[in-house]
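Coordinates as given in coords15.txt (compact mmCIF, C-alpha atoms):
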# COMPACT_ATOMS: atom_id res chain seq x y z
CA ASP G 1 18.42 24.16 -48.33
CA PRO G 2 19.52 21.67 -45.60
CA ALA G 3 18.60 24.11 -42.82
CA SER G 4 14.92 23.82 -43.80
CA THR G 5 14.93 20.05 -44.27
CA VAL G 6 13.01 18.38 -41.45
CA ASN G 7 15.13 15.22 -41.48
CA TYR G 8 18.44 16.98 -41.98
CA VAL G 9 21.25 15.36 -39.99
CA ARG G 10 24.05 17.65 -38.83
CA VAL G 11 27.57 16.23 -38.49
CA SER G 12 29.97 17.73 -35.95
CA ALA G 13 33.64 18.57 -36.45
CA LEU G 14 34.40 15.09 -35.08
CA ASN G 15 32.08 13.46 -37.60
CA ARG G 16 29.62 12.95 -34.75
CA LEU G 17 26.08 12.15 -35.89
CA TYR G 18 23.23 14.09 -34.35
CA LYS G 19 19.61 12.98 -33.96
CA ALA G 20 17.75 14.03 -37.07
CA SER G 21 14.41 14.41 -35.29
CA ASN G 22 15.47 17.34 -33.11
CA ASN G 23 19.09 18.03 -34.07
CA GLU G 24 20.39 17.03 -30.60
CA ALA G 25 23.86 15.64 -29.99
CA MET G 26 24.09 12.32 -28.11
CA VAL G 27 27.10 12.31 -25.78
CA THR G 28 28.40 10.16 -22.93
CA LEU G 29 28.85 11.54 -19.42
CA SER G 30 30.61 9.60 -16.66
CA GLY G 31 32.48 10.00 -13.39
CA ASN G 32 32.80 8.77 -9.83
CA ALA G 33 30.61 10.08 -7.01
CA GLY G 34 32.74 8.57 -4.25
CA GLN G 35 30.10 6.21 -2.89
CA ALA G 36 27.10 4.12 -3.87
CA GLY G 37 23.58 5.48 -4.17
CA VAL G 38 24.38 9.03 -5.24
CA LEU G 39 21.76 10.51 -7.56
CA VAL G 40 23.43 12.14 -10.57
CA GLN G 41 21.19 14.53 -12.50
CA VAL G 42 21.73 16.41 -15.73
CA GLY G 43 18.61 18.25 -16.84
CA GLU G 44 15.81 15.67 -16.74
CA THR G 45 18.22 12.75 -17.10
CA THR G 46 19.25 10.87 -13.96
CA THR G 47 21.27 7.86 -12.91
CA THR G 48 22.56 6.42 -9.63
CA SER G 49 26.17 5.62 -8.80
CA GLY G 50 27.12 1.96 -8.37
CA THR G 51 28.76 0.21 -5.43
CA ASP G 52 32.16 1.65 -6.38
CA GLY G 53 30.75 5.15 -6.89
CA ALA G 54 31.05 4.99 -10.68
CA TRP G 55 28.28 6.33 -12.90
CA SER G 56 27.63 6.82 -16.61
CA MET G 57 24.79 8.09 -18.78
CA SER G 58 23.94 8.99 -22.35
CA TYR G 59 22.76 12.56 -22.62
CA SER G 60 21.09 14.48 -25.42
CA VAL G 61 22.58 17.98 -25.87
CA ALA G 62 20.03 20.30 -27.47
CA ASP G 63 22.29 23.36 -27.63
CA THR G 64 26.06 22.97 -27.42
CA SER G 65 26.46 26.73 -26.88
CA GLN G 66 24.98 26.40 -23.38
CA ALA G 67 26.85 25.25 -20.26
CA ILE G 68 25.57 22.05 -18.61
CA THR G 69 25.26 21.45 -14.86
CA VAL G 70 25.83 18.01 -13.32
CA THR G 71 24.32 17.69 -9.83
CA TYR G 72 25.20 15.06 -7.21
CA SER G 73 22.82 14.44 -4.28
CA LYS G 74 22.12 11.86 -1.59
CA GLN G 75 20.01 11.92 1.55
CA GLY G 76 22.17 12.95 4.49
CA TYR G 77 24.81 14.68 2.39
CA VAL G 78 25.39 18.18 1.04
CA SER G 79 24.70 18.33 -2.70
CA GLN G 80 27.48 19.28 -5.11
CA SER G 81 27.55 20.24 -8.76
CA GLU G 82 29.95 20.53 -11.67
CA THR G 83 29.65 22.61 -14.81
CA ILE G 84 30.49 21.46 -18.32
CA ALA G 85 31.63 24.53 -20.23
CA ALA G 86 29.61 25.94 -23.10
CA GLU G 87 30.66 24.64 -26.54
CA TYR G 88 32.55 21.72 -24.93
CA PHE G 89 30.58 19.27 -27.05
CA ASP G 90 31.43 21.11 -30.26
CA THR G 91 34.73 19.21 -30.14
CA HIS G 92 34.06 16.32 -27.73
CA ILE G 93 31.71 13.36 -27.69
CA ALA G 94 32.27 12.39 -24.04
CA TRP G 95 32.93 14.02 -20.67
CA THR G 96 34.38 12.60 -17.46
CA GLY G 97 33.71 14.45 -14.23
CA SER G 98 35.97 14.99 -11.25
CA SER G 99 36.06 12.47 -8.40
CA ILE G 100 33.38 13.69 -6.01
CA THR G 101 33.33 13.44 -2.21
CA LEU G 102 30.03 14.47 -0.69
CA SER G 103 30.18 16.03 2.79
CA GLU G 104 27.85 14.74 5.48
CA GLN G 105 24.91 17.05 6.13
CA THR G 106 24.16 17.63 9.80
CA VAL G 107 21.62 19.64 11.75
CA SER G 108 21.26 21.02 15.26
CA ILE G 109 18.24 19.99 17.33
CA SER G 110 17.19 22.14 20.26
CA GLY G 111 14.21 23.20 22.30
CA LYS G 112 12.70 23.74 25.73
CA VAL G 113 10.85 21.28 27.95
CA THR G 114 8.06 22.76 30.07
CA ASN G 115 5.39 21.69 32.54
CA ARG G 116 2.12 21.35 30.65
CA SER G 117 0.12 22.81 33.55
CA THR G 118 2.32 25.72 34.64
CA GLY G 119 4.45 26.45 31.58
CA ALA G 120 7.60 26.48 33.73
CA GLY G 121 10.80 24.99 32.37
CA ILE G 122 11.72 21.54 33.70
CA GLY G 123 15.36 20.91 34.55
CA GLY G 124 16.93 17.46 34.67
CA VAL G 125 14.84 15.94 31.86
CA THR G 126 16.76 13.25 29.98
CA VAL G 127 16.52 13.88 26.24
CA THR G 128 17.63 10.97 24.07
CA LEU G 129 18.16 10.81 20.31
CA THR G 130 18.02 7.36 18.74
CA GLY G 131 18.09 6.08 15.19
CA THR G 132 20.16 3.81 12.98
CA GLY G 133 23.72 4.40 14.20
CA ILE G 134 22.59 7.22 16.54
CA ASN G 135 22.40 7.17 20.32
CA LYS G 136 22.89 10.51 22.07
CA SER G 137 21.50 11.83 25.34
CA MET G 138 21.71 14.87 27.59
CA THR G 139 19.77 16.50 30.41
CA THR G 140 17.95 19.80 30.20
CA SER G 141 19.30 22.87 31.95
CA ALA G 142 17.59 24.37 34.98
CA ASP G 143 15.19 26.29 32.73
CA GLY G 144 14.42 23.21 30.61
CA GLU G 145 16.56 23.92 27.55
CA TYR G 146 18.51 21.34 25.55
CA ALA G 147 20.58 21.32 22.35
CA PHE G 148 22.30 18.73 20.18
CA ASP G 149 24.79 19.64 17.45
CA GLY G 150 25.99 17.59 14.50
CA VAL G 151 22.96 15.32 14.17
CA THR G 152 22.95 13.40 10.88
CA THR G 153 20.19 13.99 8.34
CA TYR G 154 20.73 10.53 6.83
CA VAL G 155 18.20 8.62 8.97
CA ASP G 156 15.00 9.24 10.92
CA VAL G 157 15.55 10.22 14.56
CA THR G 158 13.36 9.50 17.59
CA ILE G 159 13.57 12.08 20.40
CA THR G 160 12.52 10.78 23.81
CA PHE G 161 11.88 12.90 26.93
CA THR G 162 11.95 11.19 30.33
CA CYS G 163 11.85 12.62 33.85
CA ASP G 164 10.81 11.28 37.24
CA GLY G 165 7.31 12.40 38.09
CA TYR G 166 6.37 13.07 34.45
CA ALA G 167 4.89 10.95 31.68
CA THR G 168 7.46 9.96 29.04
CA SER G 169 6.97 11.51 25.62
CA GLU G 170 8.62 10.91 22.25
CA ASP G 171 8.60 12.29 18.72
CA THR G 172 10.03 10.84 15.51
CA VAL G 173 11.46 13.27 12.95
CA THR G 174 12.14 12.06 9.41
CA ALA G 175 15.51 12.44 7.74
CA GLN G 176 13.89 14.57 5.04
CA THR G 177 12.50 16.97 7.64
CA LEU G 178 15.85 17.25 9.41
CA ALA G 179 17.58 17.96 6.08
CA SER G 180 15.15 20.80 5.35
CA TYR G 181 16.23 22.47 8.61
CA ALA G 182 19.97 21.97 8.13
CA ALA G 183 20.62 25.68 7.69
CA ASP G 184 18.60 27.05 10.62
CA GLY G 185 18.37 24.08 12.99
CA TYR G 186 15.36 22.03 14.03
CA VAL G 187 13.47 23.27 17.11
CA LEU G 188 11.30 20.90 19.12
CA ASN G 189 9.68 22.31 22.26
CA LYS G 190 7.99 19.76 24.47
CA GLN G 191 5.35 19.93 27.20
CA LEU G 192 5.41 17.12 29.78
CA THR G 193 2.50 16.13 31.98
CA ARG G 194 2.97 15.29 35.65
CA THR G 195 1.94 11.72 36.36
CA SER G 196 -0.11 13.04 39.31
CA ASP G 197 -2.17 15.08 36.84
CA ILE G 198 -3.05 12.04 34.73
CA GLN G 199 -6.52 10.73 35.44
CA ILE G 200 -6.96 6.99 35.05
CA ILE G 201 -10.43 6.03 33.87
CA THR G 202 -11.56 2.42 33.99
CA VAL G 203 -13.93 1.43 31.22
CA THR G 204 -15.98 -1.73 31.57
CA GLY G 205 -18.57 -3.35 29.40
CA LYS G 206 -19.79 -6.53 27.83
CA VAL G 207 -19.26 -7.87 24.32
CA VAL G 208 -22.30 -9.51 22.74
CA ASP G 209 -23.06 -11.05 19.40
CA ILE G 210 -25.69 -9.84 16.97
CA SER G 211 -28.35 -11.76 18.89
CA GLY G 212 -27.40 -10.07 22.14
CA ASN G 213 -25.74 -13.12 23.63
CA GLY G 214 -22.50 -12.64 25.60

Please rewrite the model in this file as structure tokens.
Amino acid sequence: DPASTVNYVRVSALNRLYKASNNEAMVTLSGNAGQAGVLVQVGETTTTSGTDGAWSMSYSVADTSQAITVTYSKQGYVSQSETIAAEYFDTHIAWTGSSITLSEQTVSISGKVTNRSTGAGIGGVTVTLTGTGINKSMTTSADGEYAFDGVTTYVDVTITFTCDGYATSEDTVTAQTLASYAADGYVLNKQLTRTSDIQIITVTGKVVDISGNG
């Protein structure tokens, strides 16, 4: 009985050999992701698109009766997926995907700038976003609010707050963090300290060696 033979090799309608060890079909998947560096994932198998966007992989199909999902992802872009229909590999040994164009993933960044001592909003604060290929700035409203739309999630962003009479402050937000807030927006509230409230302390001393000599 071949069905009970451990090393039985099944042959498909196309005379395609299957792996005897686990009865899985080996097929070729390929396509074009539209740009370099796109991660293409099918189950646990992954590959990365080349400089021209092309990709290819060998994939082991355990059950041809099940549909297969091909996922395309890259930092700073909205992921996409394609589905290979169930039973496709009953009659095919290769699959070529559609030409993919990933859309840029952006996020809004907003918040309120307040006086650390009083909690009141500070108007006229210059808020600057910088990063690779990014340089945006605006001033806060009278109540200290600011908002940026369409900020890329492809690179880390540094947010700097400057205002006369206040100490400058900055925060760096990673691209991964921004991407995780793409749906709801990233909120960064900031408290600034008046320079007049900053106490300067002078520390003096003497450096000596192990013998106590200066």

Please tabulate, as a tab-separated table, the residues of range 26-122 of chain G that come within 12 Å of range 156-179 of chain G, each with its closest pair of atoms and the distance in Å to one decimal, counting all atoms listed in the file and ordering rows by chain, then residue number upward.
residue	atom	partner	partner_atom	distance
G:Lys74	CA	G:Ala179	CA	10.8
G:Gln75	CA	G:Gln176	CA	7.5
G:Gly76	CA	G:Ala179	CA	7.0
G:Tyr77	CA	G:Ala179	CA	8.8
G:Val78	CA	G:Ala179	CA	9.3
G:Ser79	CA	G:Ala179	CA	11.3
G:Glu104	CA	G:Ala179	CA	10.8
G:Gln105	CA	G:Ala179	CA	7.4
G:Thr106	CA	G:Ala179	CA	7.6
G:Val107	CA	G:Leu178	CA	6.7
G:Ser108	CA	G:Leu178	CA	8.8
G:Ile109	CA	G:Leu178	CA	8.7
G:Ser110	CA	G:Ile159	CA	10.7
G:Gly111	CA	G:Ile159	CA	11.3
G:Lys112	CA	G:Phe161	CA	10.9
G:Val113	CA	G:Phe161	CA	8.5
G:Thr114	CA	G:Tyr166	CA	10.8
G:Asn115	CA	G:Tyr166	CA	8.9
G:Arg116	CA	G:Tyr166	CA	10.1
G:Ser117	CA	G:Tyr166	CA	11.6
G:Ile122	CA	G:Cys163	CA	8.9

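Restricting the calculation to all atoms listed in the file, the smallest distance between Ala182 in chain G and any of G:Gly34, G:Gly131, G:Gly150, G:Gly97 is found for G:Gly150.
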
### Query
What is the distance, in Å and to one decimal place, between CA of Tyr88 in chain G and CA of Ala54 in chain G?
22.0 Å

Residues within 8 Å of Gly37 in chain G, please, as a PDB file with C-alpha atoms, keeping the file's coordinate frame. Count all atoms listed in the file; anything in the same chain fewer than 3 positions from it doesn't count.
ATOM      1  CA  THR G  48      22.560   6.420  -9.630  1.00  0.00           C
ATOM      2  CA  SER G  49      26.170   5.620  -8.800  1.00  0.00           C
ATOM      3  CA  GLY G  50      27.120   1.960  -8.370  1.00  0.00           C
ATOM      4  CA  THR G  51      28.760   0.210  -5.430  1.00  0.00           C
ATOM      5  CA  GLY G  53      30.750   5.150  -6.890  1.00  0.00           C
ATOM      6  CA  LYS G  74      22.120  11.860  -1.590  1.00  0.00           C
TER       7      LYS G  74
END

### Task
For CA of Ala62 in chain G and CA of Glu44 in chain G, quote the distance in Å rounded to one decimal.
12.4 Å

### Message
I'd like the neighbourhood of range 64-71 of chain G as JSON, numbers by chain, where a residue qualifies if any of its atoms comes within 9 Å (using all atoms listed in the file), though same-chain residues fewer than 3 positions away should be ignored.
### Response
{"G": [24, 25, 39, 40, 41, 42, 43, 61, 79, 80, 81, 82, 83, 84, 85, 86, 87, 88, 89, 90, 97]}

### Query
With only C-alpha atoms as the atoms that count, which of G:Thr28, G:Ser56, G:Thr152, G:Ser211 lies nearest to Thr130 in chain G?
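Closest candidate: G:Thr152.
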
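Atom pair CA of His92 in chain G / CA of Asn32 in chain G has a distance of 19.5 Å (rounded to one decimal).
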
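The closest residue to Asp143 in chain G, picked from G:Ile200, G:Ser73, G:Ala120, G:Val155 and counting all atoms listed in the file, is G:Ala120.
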
#### Entry: Nearest residue to Met57 in chain G from the set G:Ile93, G:Val187, G:Leu29, G:Ile100 (distances using only C-alpha atoms)
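Going through G:Ile93, G:Val187, G:Leu29, G:Ile100 one by one, the smallest distance to Met57 in chain G is for G:Leu29.
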
Box time for range 64-78 of chain G: axis-aligned, enclosing all its listed atoms, 8 Å extra on each side; report centre and edge lengths in Å to one decimal, as JSON.
{"center_x": 23.4, "center_y": 19.3, "center_z": -11.5, "size_x": 22.8, "size_y": 30.9, "size_z": 47.9}

### Task
Find, counting all atoms listed in the file, the residue in G:Thr132, G:Ser196, G:Thr118, G:Asn189 that gets nearest to Ala147 in chain G.
G:Asn189
